[in-house]
Amino acid sequence: MATVAAQSGTPVGNYTFSVSQLATAAAQNGSTISAQPISSTDDVSNVDLDSGSFADPINAGTFTVNGQTITVAATDTLQSVFDQINTATSGAVTASYDSTTDEISLASSSPITLGSGADTSNFLQATQLYANGTGAVTSLNALAGININALANQSNLATTISDGGNGQGEFEINGVAIDFDASTDSINDILQSINSSAAGVTATYDGANNRFVLTNNNTGNVGMTMQDVTGNFLAATGLSSGTLQAGANLQYSINGGNTTTSESNTIDASSIGLTGLSVTAQSLGSTNITVSPDTSTIATAITNFVNDYNTVQNYISSQITISTSTSSTTGATDSTTTTTGTPGLLMGNMDVEGIATDLRQITDASPLSGIIENLNDIGISSNGTDNTLSASSLVLNDALTNNLSQITQLFTDPTSGLATTLGSYLSDTLSSNGVIATNEQNLTNQSSDITTSITTLQTKITNDETEMENQFVEMEDAISSIDVSKEYLNAYFNSTATTTDAPTAATSSSSSSSG
């Protein structure tokens with residue numbers, strides 16, 4: 001079975017991809033490592049149950065031997081547990097520890113029964129003591145374990161990890177240096193440093209087989225190199241003394257041809273020899289691959305081209321024609337309908353009208369000869385009323401099914417294909433020296449001239465306004481002066497007239513009396 005990806009340009013056809021061998025990654029399997037025993041002697045009177053040396057931590061609770069319950073606390077020593085077993089079974093079962101094998105042994109003159117459904121401590125499981133129908137039960141494996149989360153120099157390895165004594169330990173994998181400090185880094189920290197480096201391997205601890213493993217990140221029959229530089233990390237963990245499990249290369253053939261080899265299970269066009277085709281092998285056997293044209297995607301692309309073309313033509317039309325709106329007014333006895341026309345902003349601009357005409361002429365052209373000569377042959381034609389196009393999906397799909405290569409030429413021919421000619425025309429039209437840029441510059445210049453004229457006119461209006469205001473003030477001052485003179489003259493003449501009349505009246509009276 002295989003997964004396949006094909007890109008544009010992949011040759012159409014049927015291919016049989018046969019896999020006789022999958023690619024696998026090489027791995028350095030470290031030698032089996034041992035831990036320091038839980039006690040250096042057979043005396044375990046100072047070994048607490050909560051000691052970190054046990055491969056599996058022991059929890060407090062109860063467990064059963066020959067039907068008798070033994071209760072343990074995490075702080076109990078292993079010897080005290082042995083004593084409880086002896087006491088609970090009235091000396092029928094004795095327990096001991098062998099520092100040479102790092103194992104516990106139970107001995108009795110009769111078959112020993114271990115555990116019950118009521119047990120709450122995992123003592124028997126952690127010490128790997130399981131009844132076997134006899135009076136001799138021994139731990140299945142050594143009790144001590146490696147703690148990869150402890151500091152490297154306190155991880156309980158039989159060979160203590162050293163960094164050379166200065167905290168500047170170093171080793172190399174595939175020529176990449178890995179630094180470590182045994183007194184501050186745990187083994188797990190160092191493994192993560194390996195994995196995040198450029199060494200190209202993944203480091204893990206295989207607890208089931210009690211070993212460390214380095215696995216190449218890439219498949220193929222390639223090896224790896226390693227060496228301790230400062231300190232002994234690789235030696236202490238058993239990696240440098242392990243064995244290399246070689247990787248395998250992918251072996252495959254296409255259409256019954258010669259067997260070909262690849263370091264990766266994914267092979268691309270450069271390996272297969274088929275442009276745009278990529279195959280990933282997942283299992284042994286044969287996979288039939290059919291590469292056929294994706295006509296639905298092509299049809300969508302052509303339809304989108306028509307829609308985009310129509311969007312451009314409709315927009316141009318809206319800018320160069322008169323749009324009308326109708327409003328109605330209803331009176332007491334009749335109603336009136338008014339139609340208002342609004343010219344487009346670019347109405348009368350011959351350059352813009354020329355763009356619409358040029359686009360129509362390019363799409364109407366027949367660049368090829370044969371079954372497919374132009375867009376009309378694939379169901380795309382002028383709608384007969386304006387510059388837009390209409391498309392028949394039925395005709396288009398039929399043409400794609402039967403004449404795909406000619407449709408490809410219609411659009412992509414390097415000399416006269418529609419994509420070529422339209423692309424060239426649009427590039428010229430939209431260039432810095434094209435008709436659109438030229439019109440934009442002309443309009444910008446006109447706008448700038450109008451702005452300058454408006455500024456000049458505004459300045460003149462402001463100056464005229466100031467001058468008229470000054471003249472009005474002068475006129476008001478003159479009128480005020482005239483009013484003052486008028487009042488003065490009125491007062492003067494009025495007072496003169498009164499002074500002259502009085503003496504005349506007196507003289508007249510005096511003459512009359514004398515006579």
# chains A, B, ... in the order shown; residues from 1 in each chain; ligands from 1

$ select_by_dssp --residues "range 298-463 of chain A" --states "strand (DSSP E)" --output "compact mmCIF listing (two decimals) with N, CA, C and O atoms, in the first residue's frame"
# COMPACT_ATOMS: atom_id res chain seq x y z
N ILE A 322 -24.43 56.29 -19.04
CA ILE A 322 -25.35 57.07 -18.20
C ILE A 322 -26.25 56.10 -17.44
O ILE A 322 -26.91 55.25 -18.03
N SER A 323 -26.26 56.23 -16.15
CA SER A 323 -27.18 55.43 -15.34
C SER A 323 -28.42 56.26 -15.06
O SER A 323 -28.34 57.47 -14.83
N THR A 324 -29.58 55.62 -15.13
CA THR A 324 -30.85 56.33 -14.96
C THR A 324 -31.56 55.85 -13.70
O THR A 324 -31.40 54.70 -13.27
N SER A 325 -32.32 56.77 -13.12
CA SER A 325 -33.17 56.44 -11.97
C SER A 325 -34.52 57.10 -12.18
O SER A 325 -34.61 58.19 -12.76
N THR A 326 -35.57 56.48 -11.76
CA THR A 326 -36.94 56.96 -11.98
C THR A 326 -37.62 57.21 -10.65
O THR A 326 -37.52 56.39 -9.72
N SER A 327 -38.29 58.34 -10.53
CA SER A 327 -39.04 58.66 -9.31
C SER A 327 -40.45 59.08 -9.71
O SER A 327 -40.66 59.65 -10.79
N SER A 328 -41.41 58.82 -8.87
CA SER A 328 -42.82 59.15 -9.16
C SER A 328 -43.37 60.07 -8.09
O SER A 328 -43.06 59.91 -6.90
N THR A 329 -44.17 61.05 -8.53
CA THR A 329 -44.83 61.98 -7.61
C THR A 329 -46.33 61.90 -7.86
O THR A 329 -46.79 62.05 -9.00
N THR A 330 -47.10 61.66 -6.84
CA THR A 330 -48.54 61.51 -6.97
C THR A 330 -49.24 62.74 -6.39
O THR A 330 -49.02 63.11 -5.23
N SER A 335 -50.44 61.74 -11.45
CA SER A 335 -49.10 61.38 -10.96
C SER A 335 -48.08 61.71 -12.04
O SER A 335 -48.40 61.69 -13.23
N THR A 336 -46.88 62.02 -11.60
CA THR A 336 -45.81 62.41 -12.52
C THR A 336 -44.61 61.50 -12.33
O THR A 336 -44.20 61.24 -11.18
N THR A 337 -44.06 61.01 -13.42
CA THR A 337 -42.86 60.15 -13.37
C THR A 337 -41.68 60.93 -13.93
O THR A 337 -41.76 61.48 -15.04
N THR A 338 -40.60 60.96 -13.16
CA THR A 338 -39.40 61.70 -13.58
C THR A 338 -38.23 60.74 -13.70
O THR A 338 -37.95 59.96 -12.79
N THR A 339 -37.56 60.80 -14.84
CA THR A 339 -36.37 59.97 -15.07
C THR A 339 -35.14 60.85 -15.04
O THR A 339 -35.07 61.86 -15.76
N THR A 340 -34.17 60.47 -14.22
CA THR A 340 -32.94 61.26 -14.07
C THR A 340 -31.75 60.43 -14.56
O THR A 340 -31.61 59.26 -14.19
N GLY A 341 -30.91 61.01 -15.37
CA GLY A 341 -29.72 60.32 -15.88
C GLY A 341 -28.46 60.88 -15.24
O GLY A 341 -28.30 62.09 -15.13
N THR A 342 -27.57 59.94 -14.80
CA THR A 342 -26.30 60.36 -14.19
C THR A 342 -25.16 59.77 -15.01
O THR A 342 -25.01 58.55 -15.10
N PRO A 343 -24.36 60.64 -15.64
CA PRO A 343 -23.26 60.11 -16.47
C PRO A 343 -22.16 59.49 -15.60
O PRO A 343 -21.91 59.94 -14.48
N ILE A 380 -17.88 29.25 -24.58
CA ILE A 380 -17.78 30.60 -24.03
C ILE A 380 -17.88 31.59 -25.19
O ILE A 380 -17.06 31.58 -26.11
N SER A 381 -18.92 32.44 -25.16
CA SER A 381 -19.14 33.37 -26.26
C SER A 381 -19.71 34.68 -25.74
O SER A 381 -20.15 34.78 -24.59
N SER A 382 -19.68 35.70 -26.61
CA SER A 382 -20.25 36.99 -26.26
C SER A 382 -21.76 36.82 -26.11
O SER A 382 -22.40 36.07 -26.85
N LEU A 389 -19.10 37.95 -21.36
CA LEU A 389 -19.14 36.61 -21.94
C LEU A 389 -20.15 35.75 -21.19
O LEU A 389 -20.44 35.99 -20.02
N SER A 390 -20.66 34.76 -21.87
CA SER A 390 -21.53 33.76 -21.24
C SER A 390 -20.92 32.39 -21.51
O SER A 390 -20.23 32.19 -22.50
N ALA A 391 -21.13 31.45 -20.58
CA ALA A 391 -20.49 30.14 -20.69
C ALA A 391 -21.51 29.03 -20.57
O ALA A 391 -22.47 29.11 -19.78

$ residues_around --residues "range 60-73 of chain A" --least-positions-apart "3" --cutoff "12 Å" --atoms "only C-alpha atoms" --output "ChimeraX atom specification"
/A:48-50,57,76-95,106-108,110-126,129-131,133,135,137

$ atom_distance --atom1 "CA of Tyr97 in chain A" --atom2 "CA of Tyr205 in chain A"
27.7 Å

$ closest_residue --among "A:Leu22, A:Val12, A:Ile316, A:Leu214" --to "Tyr252 in chain A" --atoms "only C-alpha atoms"
A:Leu22

$ closest_residue --among "A:Gln319, A:Gln441, A:Ser296, A:Thr429" --to "Leu345 in chain A" --atoms "only C-alpha atoms"
A:Gln319

$ atom_distance --atom1 "CA of Ile378 in chain A" --atom2 "CA of Glu353 in chain A"
27.4 Å

$ residues_around --residues "Gln282 in chain A" --least-positions-apart "4" --cutoff "8 Å" --atoms "only C-alpha atoms" --output "PyMOL selection string"
chain A and resi 1-3+22+265

$ atom_distance --atom1 "CA of Ser162 in chain A" --atom2 "CA of Leu234 in chain A"
10.3 Å

$ select_by_dssp --residues "range 119-366 of chain A" --states "alpha helix (DSSP H)" --output "ChimeraX atom specification"
/A:123-126,187-196,233-236,269-272,295-320,350-364

$ residues_around --residues "Glu373 in chain A" --least-positions-apart "5" --cutoff "12 Å" --atoms "only C-alpha atoms" --output "list of chain:residue names"
A:Thr363, A:Asp364, A:Ala365, A:Ser366, A:Pro367, A:Leu368, A:Ile378, A:Gly379, A:Ile380, A:Ala399, A:Asn403, A:Gln406, A:Ile407, A:Thr408, A:Gln409, A:Leu410, A:Phe411, A:Ser416, A:Gly417, A:Leu418

$ closest_residue --among "A:Gln227, A:Asn258, A:Ser264, A:Thr138" --to "Ser240 in chain A" --atoms "only C-alpha atoms"
A:Gln227

$ decode --residues "range 300-315 of chain A" --atoms "all heavy atoms" --output "short mmCIF file (atom, residue, chain, number, x, y, z; two decimals), in the first residue's frame"
data_model
loop_
_atom_site.label_atom_id
_atom_site.label_comp_id
_atom_site.auth_asym_id
_atom_site.auth_seq_id
_atom_site.Cartn_x
_atom_site.Cartn_y
_atom_site.Cartn_z
N THR A 300 -13.45 24.84 -13.17
CA THR A 300 -13.66 25.91 -12.18
C THR A 300 -12.76 27.10 -12.49
O THR A 300 -13.18 28.26 -12.41
CB THR A 300 -13.37 25.39 -10.77
OG1 THR A 300 -14.28 24.32 -10.47
CG2 THR A 300 -13.53 26.49 -9.73
N ALA A 301 -11.50 26.82 -12.85
CA ALA A 301 -10.56 27.90 -13.16
C ALA A 301 -11.02 28.69 -14.39
O ALA A 301 -10.95 29.93 -14.40
CB ALA A 301 -9.17 27.32 -13.39
N ILE A 302 -11.51 27.99 -15.42
CA ILE A 302 -11.99 28.69 -16.62
C ILE A 302 -13.24 29.50 -16.31
O ILE A 302 -13.39 30.65 -16.78
CB ILE A 302 -12.26 27.67 -17.75
CG1 ILE A 302 -10.94 27.02 -18.20
CG2 ILE A 302 -12.96 28.34 -18.93
CD1 ILE A 302 -11.11 25.93 -19.25
N THR A 303 -14.14 28.94 -15.52
CA THR A 303 -15.35 29.67 -15.12
C THR A 303 -14.99 30.92 -14.33
O THR A 303 -15.60 31.99 -14.51
CB THR A 303 -16.27 28.75 -14.29
OG1 THR A 303 -16.63 27.61 -15.08
CG2 THR A 303 -17.54 29.50 -13.88
N ASN A 304 -14.01 30.78 -13.43
CA ASN A 304 -13.56 31.94 -12.65
C ASN A 304 -12.97 33.01 -13.57
O ASN A 304 -13.16 34.22 -13.34
CB ASN A 304 -12.53 31.53 -11.61
CG ASN A 304 -13.15 30.71 -10.49
OD1 ASN A 304 -14.35 30.77 -10.26
ND2 ASN A 304 -12.32 29.96 -9.78
N PHE A 305 -12.25 32.57 -14.63
CA PHE A 305 -11.70 33.52 -15.59
C PHE A 305 -12.82 34.31 -16.27
O PHE A 305 -12.75 35.54 -16.41
CB PHE A 305 -10.88 32.76 -16.64
CG PHE A 305 -10.66 33.53 -17.92
CD1 PHE A 305 -9.78 34.59 -17.99
CD2 PHE A 305 -11.38 33.18 -19.07
CE1 PHE A 305 -9.61 35.30 -19.17
CE2 PHE A 305 -11.21 33.89 -20.25
CZ PHE A 305 -10.32 34.95 -20.31
N VAL A 306 -13.87 33.60 -16.68
CA VAL A 306 -15.00 34.27 -17.33
C VAL A 306 -15.66 35.26 -16.36
O VAL A 306 -15.99 36.40 -16.73
CB VAL A 306 -16.03 33.23 -17.82
CG1 VAL A 306 -17.31 33.92 -18.32
CG2 VAL A 306 -15.43 32.37 -18.93
N ASN A 307 -15.86 34.84 -15.11
CA ASN A 307 -16.50 35.72 -14.12
C ASN A 307 -15.65 36.96 -13.87
O ASN A 307 -16.18 38.09 -13.78
CB ASN A 307 -16.72 34.96 -12.82
CG ASN A 307 -17.76 33.86 -12.96
OD1 ASN A 307 -18.61 33.91 -13.85
ND2 ASN A 307 -17.70 32.86 -12.09
N ASP A 308 -14.35 36.78 -13.76
CA ASP A 308 -13.46 37.93 -13.52
C ASP A 308 -13.46 38.87 -14.72
O ASP A 308 -13.47 40.10 -14.55
CB ASP A 308 -12.04 37.45 -13.23
CG ASP A 308 -11.93 36.72 -11.90
OD1 ASP A 308 -12.84 36.88 -11.06
OD2 ASP A 308 -10.94 35.98 -11.70
N TYR A 309 -13.45 38.28 -15.91
CA TYR A 309 -13.50 39.10 -17.12
C TYR A 309 -14.78 39.93 -17.15
O TYR A 309 -14.75 41.14 -17.44
CB TYR A 309 -13.42 38.19 -18.35
CG TYR A 309 -13.63 38.90 -19.67
CD1 TYR A 309 -12.57 39.48 -20.35
CD2 TYR A 309 -14.91 38.99 -20.23
CE1 TYR A 309 -12.76 40.14 -21.56
CE2 TYR A 309 -15.11 39.65 -21.43
CZ TYR A 309 -14.04 40.22 -22.09
OH TYR A 309 -14.24 40.89 -23.29
N ASN A 310 -15.91 39.30 -16.85
CA ASN A 310 -17.20 40.02 -16.85
C ASN A 310 -17.24 41.10 -15.78
O ASN A 310 -17.83 42.17 -15.97
CB ASN A 310 -18.34 39.03 -16.63
CG ASN A 310 -18.60 38.17 -17.86
OD1 ASN A 310 -18.17 38.50 -18.97
ND2 ASN A 310 -19.28 37.04 -17.67
N THR A 311 -16.61 40.85 -14.63
CA THR A 311 -16.57 41.85 -13.57
C THR A 311 -15.85 43.11 -14.05
O THR A 311 -16.30 44.24 -13.81
CB THR A 311 -15.86 41.28 -12.33
OG1 THR A 311 -16.60 40.17 -11.83
CG2 THR A 311 -15.74 42.33 -11.24
N VAL A 312 -14.75 42.92 -14.76
CA VAL A 312 -14.00 44.07 -15.28
C VAL A 312 -14.83 44.83 -16.31
O VAL A 312 -14.93 46.07 -16.27
CB VAL A 312 -12.66 43.58 -15.90
CG1 VAL A 312 -11.97 44.74 -16.63
CG2 VAL A 312 -11.76 43.02 -14.82
N GLN A 313 -15.44 44.09 -17.25
CA GLN A 313 -16.22 44.76 -18.30
C GLN A 313 -17.43 45.49 -17.71
O GLN A 313 -17.76 46.60 -18.14
CB GLN A 313 -16.68 43.72 -19.34
CG GLN A 313 -15.57 43.17 -20.24
CD GLN A 313 -15.08 44.21 -21.26
OE1 GLN A 313 -15.22 45.41 -21.07
NE2 GLN A 313 -14.49 43.73 -22.34
N ASN A 314 -18.10 44.90 -16.75
CA ASN A 314 -19.25 45.55 -16.13
C ASN A 314 -18.83 46.82 -15.39
O ASN A 314 -19.55 47.83 -15.40
CB ASN A 314 -19.95 44.59 -15.16
CG ASN A 314 -20.74 43.51 -15.88
OD1 ASN A 314 -21.25 43.73 -16.99
ND2 ASN A 314 -20.85 42.34 -15.27
N TYR A 315 -17.68 46.77 -14.75
CA TYR A 315 -17.22 47.96 -14.03
C TYR A 315 -16.89 49.09 -15.01
O TYR A 315 -17.27 50.24 -14.79
CB TYR A 315 -15.98 47.63 -13.20
CG TYR A 315 -15.46 48.83 -12.45
CD1 TYR A 315 -16.09 49.27 -11.29
CD2 TYR A 315 -14.34 49.53 -12.91
CE1 TYR A 315 -15.63 50.39 -10.61
CE2 TYR A 315 -13.88 50.65 -12.24
CZ TYR A 315 -14.51 51.08 -11.09
OH TYR A 315 -14.07 52.19 -10.43
#
